[in-house]
Amino acid sequence: MTFDTIIRGGTVATASDTFACDVGIRDGRIAALGRDLGDAKEIIDASGRLVLPGGIDSHVHISQPSGPGIVMADDFESATRAAAFGGNTTVLPFCLQERGQSLRQAVKDYHAKAEGNCYIDVSFHLIISDPSEQVLGQELPALIKDGYTSFKVFMTYEDLALSDRQILEVMAVARETQALVMVHAENFDAIRFLTDRLERLGQTAPHFHGTSRPIPVEREATHRAIALAELVDVPVMIVHVSNRDAMEEIRRAQQRGLKVSGETCPQYLVLTEKDMEGLNMEGAKYVCSPPPRDAASQAACWEGLQQGVFSVFSSDHCPFRYDETGKLAPKGRTSFRWVPNGIPGIETRLPILFSEGVVKGRIDLNRFVALSSTNHAKTYGLYPRKGTIAVGADADIAIWDPAREVTISQNILHHGADYTPYEGLHVTGWPVTMLVRGETVVADGALVGRKGAGQHLARDPSPFAKQS
Ligand code: URP
Ligand code: ZN
Ligand code: ZN
């Protein structure tokens, strides 16, 4: 039997096992695992390397409308290229419904932006900002049937925040359709109150962004989101959790038998509010929500990852340039209130988790695979086609050099942002070669993939959201 490609001599790791074996690939799928697989058109030498399921980043924002005059720094071309360099083979960006817009139209618009531009596979979550009768009764159930089986709701942000009543209505649709609800949990009124007060005191520099959304703001909203989901009896994913209080809310719910899971992100493991200290406008480079907090919060997020309170580790890539199109827009409005929220991280997510997690002994390699790939596929209805190395699965593979020493710096990255909040962070371990459905996208650190080769994936209902 001949193969299109054999990855030879590497150490394969899945979410459950680590073993030495070769990987035979035919027609875009993994066709054999073993030794002495015979011939192939292409042999990739993986000796001394790790052969892992390609990363799946289930929380990214690409080309998302972000307010007048503001342009996101990545389109689908640059974001999926950067994602591939960062060890990813699938990303799940959000398709944002703007208020007053039909959800169907929003989906069409995002497909038009992505079509022909992606280097790796893509599958959209929805963002529901306007749960009208038409959306709840028709568009949303129809789109879920079409494979858009997860959506996010916001408890904060002007133009996005839903009322508790609206969240309940949306959750009721998720219950009927087995879709998975993702929640951005921060208390909008509390943030507005604190922001107004800070502005009255003239405390408007970017580092006051964190002061305007302290831990109780997130803890209260996390508790409320879980309570709302409990009322409707629907599973829920609390995204981008930043601290112990919110993590413990999720853990308590899990201990009570509720189907609640959590996600955390690199910024909550390696950044703190201190990174903004002494910075004036440059602090805008770190403005994201929830904000990075302190060392104790970092420890709590690691605990959440180690103990399974968090099932997924995502980037929340939300890139803006440090100029008038992004972090410094709009002109003349200098308060942190106007700084677009979000930081880039699509390319650095996995090296940070590998180095800070596996290399430093906080998590083992199998948990790394689960948190970076397998659990995303399982949670969002892509498993077992994606997220594992097994016969029959798509040959989505990331080959890592586990010993490579890299200092993260803007000049080695491929995203559209003009800075990285992780500048100067030293990591050990870097993804070097990535294959999507058997086609090499990045070979030994060089781009060889084709723009447009990435496909959109319709997803199954989330097994996590399945009603018992
Ligand atoms: O600050 C952040 N996280 N921006 C991205 C949008 C979101 O809330 O996920
Ligand atoms: Zn969010
Ligand atoms: Zn986000």
# chains A, B, ... in the order shown; residues from 1 in each chain; ligands from 1
call {"tool": "closest_atom_pairs", "arguments": {"of": "chain A", "to": "ligand 2", "cutoff": "8 Å", "atoms": "only C-alpha atoms and all ligand atoms", "output": "tab-separated table"}}
result
residue	atom	partner	partner_atom_place_in_ligand_line	distance
A:Phe154	CA	ligand 2	1 (Zn)	6.7
A:Val183	CA	ligand 2	1 (Zn)	7.3
A:His184	CA	ligand 2	1 (Zn)	4.4
A:Ala185	CA	ligand 2	1 (Zn)	7.6
A:Val239	CA	ligand 2	1 (Zn)	6.7
A:His240	CA	ligand 2	1 (Zn)	6.7
A:Ser289	CA	ligand 2	1 (Zn)	6.8
A:Pro290	CA	ligand 2	1 (Zn)	7.8
A:Asp316	CA	ligand 2	1 (Zn)	7.7
call {"tool": "residues_around", "arguments": {"residues": "segment 91-97 of chain A", "least_positions_apart": "2", "cutoff": "7 Å", "atoms": "only C-alpha atoms", "output": "list in words"}}
result
Ile56, Asp57, Ser58, His59, Val60, His61, Ile62, Gln64, Thr89, Arg99, Gln101, Leu103, Ala106, Val107, Tyr110, Asp121, Val122, Ser123, Phe124, His125, Leu126, Ile127, Ile128 and Ser129 of chain A
call {"tool": "select_by_dssp", "arguments": {"residues": "segment 3-224 of chain A", "states": "strand (DSSP E or B)", "output": "PyMOL selection string"}}
result
chain A and resi 3-8+11-13+18-20+22-26+29-34+40-45+50-53+55-60+88-96+121-122+125-127+150-154+161+180-184
call {"tool": "select_by_dssp", "arguments": {"residues": "segment 160-338 of chain A", "states": "alpha helix (DSSP H)", "output": "PyMOL selection string"}}
result
chain A and resi 164-177+188-200+208-211+215-232+244-255+267-270+295-306
call {"tool": "closest_residue", "arguments": {"among": "A:Ala31, A:Ala205, A:Cys265, A:Ala40", "to": "ligand 3", "atoms": "only C-alpha atoms and all ligand atoms"}}
result
A:Cys265
call {"tool": "decode", "arguments": {"residues": "segment 432-457 of chain A", "atoms": "N, CA, C and O atoms", "output": "short mmCIF file (atom, residue, chain, number, x, y, z; two decimals), in the first residue's frame"}}
result
data_model
loop_
_atom_site.label_atom_id
_atom_site.label_comp_id
_atom_site.auth_asym_id
_atom_site.auth_seq_id
_atom_site.Cartn_x
_atom_site.Cartn_y
_atom_site.Cartn_z
N VAL A 432 6.78 23.52 13.84
CA VAL A 432 7.62 23.81 12.67
C VAL A 432 6.97 23.43 11.34
O VAL A 432 7.21 24.07 10.32
N THR A 433 6.17 22.36 11.35
CA THR A 433 5.55 21.91 10.10
C THR A 433 4.08 21.58 10.37
O THR A 433 3.77 20.85 11.31
N MET A 434 3.19 22.14 9.55
CA MET A 434 1.76 21.90 9.73
C MET A 434 1.12 21.37 8.45
O MET A 434 1.41 21.88 7.35
N LEU A 435 0.29 20.36 8.61
CA LEU A 435 -0.45 19.79 7.48
C LEU A 435 -1.94 19.92 7.75
O LEU A 435 -2.40 19.64 8.86
N VAL A 436 -2.67 20.34 6.73
CA VAL A 436 -4.13 20.39 6.83
C VAL A 436 -4.70 19.44 5.79
O VAL A 436 -4.42 19.58 4.60
N ARG A 437 -5.47 18.48 6.25
CA ARG A 437 -6.01 17.41 5.39
C ARG A 437 -4.90 16.87 4.47
O ARG A 437 -5.09 16.67 3.27
N GLY A 438 -3.75 16.66 5.06
CA GLY A 438 -2.65 16.01 4.33
C GLY A 438 -1.79 16.94 3.51
O GLY A 438 -0.72 16.54 3.05
N GLU A 439 -2.24 18.16 3.30
CA GLU A 439 -1.45 19.12 2.50
C GLU A 439 -0.59 19.96 3.45
O GLU A 439 -1.11 20.52 4.42
N THR A 440 0.68 20.06 3.13
CA THR A 440 1.58 20.85 3.99
C THR A 440 1.32 22.34 3.79
O THR A 440 1.29 22.83 2.65
N VAL A 441 1.10 23.03 4.88
CA VAL A 441 0.85 24.47 4.82
C VAL A 441 2.12 25.23 5.21
O VAL A 441 2.49 26.22 4.59
N VAL A 442 2.77 24.74 6.27
CA VAL A 442 4.05 25.32 6.71
C VAL A 442 5.05 24.17 6.78
O VAL A 442 4.77 23.15 7.40
N ALA A 443 6.17 24.32 6.08
CA ALA A 443 7.20 23.27 6.08
C ALA A 443 8.47 23.83 6.68
O ALA A 443 9.05 24.76 6.12
N ASP A 444 8.85 23.29 7.83
CA ASP A 444 10.06 23.76 8.52
C ASP A 444 10.12 25.28 8.61
O ASP A 444 11.14 25.91 8.31
N GLY A 445 9.01 25.85 9.01
CA GLY A 445 8.96 27.30 9.24
C GLY A 445 8.76 28.15 8.00
O GLY A 445 8.79 29.38 8.09
N ALA A 446 8.53 27.52 6.84
CA ALA A 446 8.30 28.31 5.61
C ALA A 446 6.90 28.05 5.08
O ALA A 446 6.42 26.91 5.08
N LEU A 447 6.26 29.10 4.61
CA LEU A 447 4.91 28.96 4.08
C LEU A 447 4.94 28.25 2.74
O LEU A 447 5.62 28.69 1.81
N VAL A 448 4.23 27.13 2.63
CA VAL A 448 4.13 26.45 1.34
C VAL A 448 2.67 26.22 0.96
O VAL A 448 2.38 25.71 -0.12
N GLY A 449 1.78 26.57 1.86
CA GLY A 449 0.35 26.32 1.62
C GLY A 449 -0.23 27.31 0.62
O GLY A 449 0.41 28.28 0.24
N ARG A 450 -1.46 27.02 0.27
CA ARG A 450 -2.14 27.82 -0.75
C ARG A 450 -3.30 28.56 -0.11
O ARG A 450 -4.13 27.96 0.57
N LYS A 451 -3.33 29.86 -0.34
CA LYS A 451 -4.47 30.65 0.11
C LYS A 451 -5.72 30.11 -0.59
O LYS A 451 -5.70 29.91 -1.81
N GLY A 452 -6.77 29.83 0.15
CA GLY A 452 -7.98 29.27 -0.46
C GLY A 452 -8.10 27.78 -0.24
O GLY A 452 -9.15 27.20 -0.50
N ALA A 453 -7.03 27.15 0.24
CA ALA A 453 -7.09 25.69 0.48
C ALA A 453 -7.91 25.37 1.72
O ALA A 453 -8.46 24.27 1.86
N GLY A 454 -8.02 26.31 2.64
CA GLY A 454 -8.81 26.10 3.85
C GLY A 454 -10.29 26.03 3.51
O GLY A 454 -10.77 26.78 2.66
N GLN A 455 -10.99 25.12 4.17
CA GLN A 455 -12.41 24.93 3.88
C GLN A 455 -13.27 25.35 5.07
O GLN A 455 -12.82 25.27 6.21
N HIS A 456 -14.51 25.71 4.78
CA HIS A 456 -15.45 25.93 5.89
C HIS A 456 -16.05 24.60 6.32
O HIS A 456 -16.38 23.75 5.49
N LEU A 457 -16.15 24.40 7.62
CA LEU A 457 -16.66 23.14 8.17
C LEU A 457 -18.04 23.37 8.80
O LEU A 457 -18.16 24.17 9.73
#
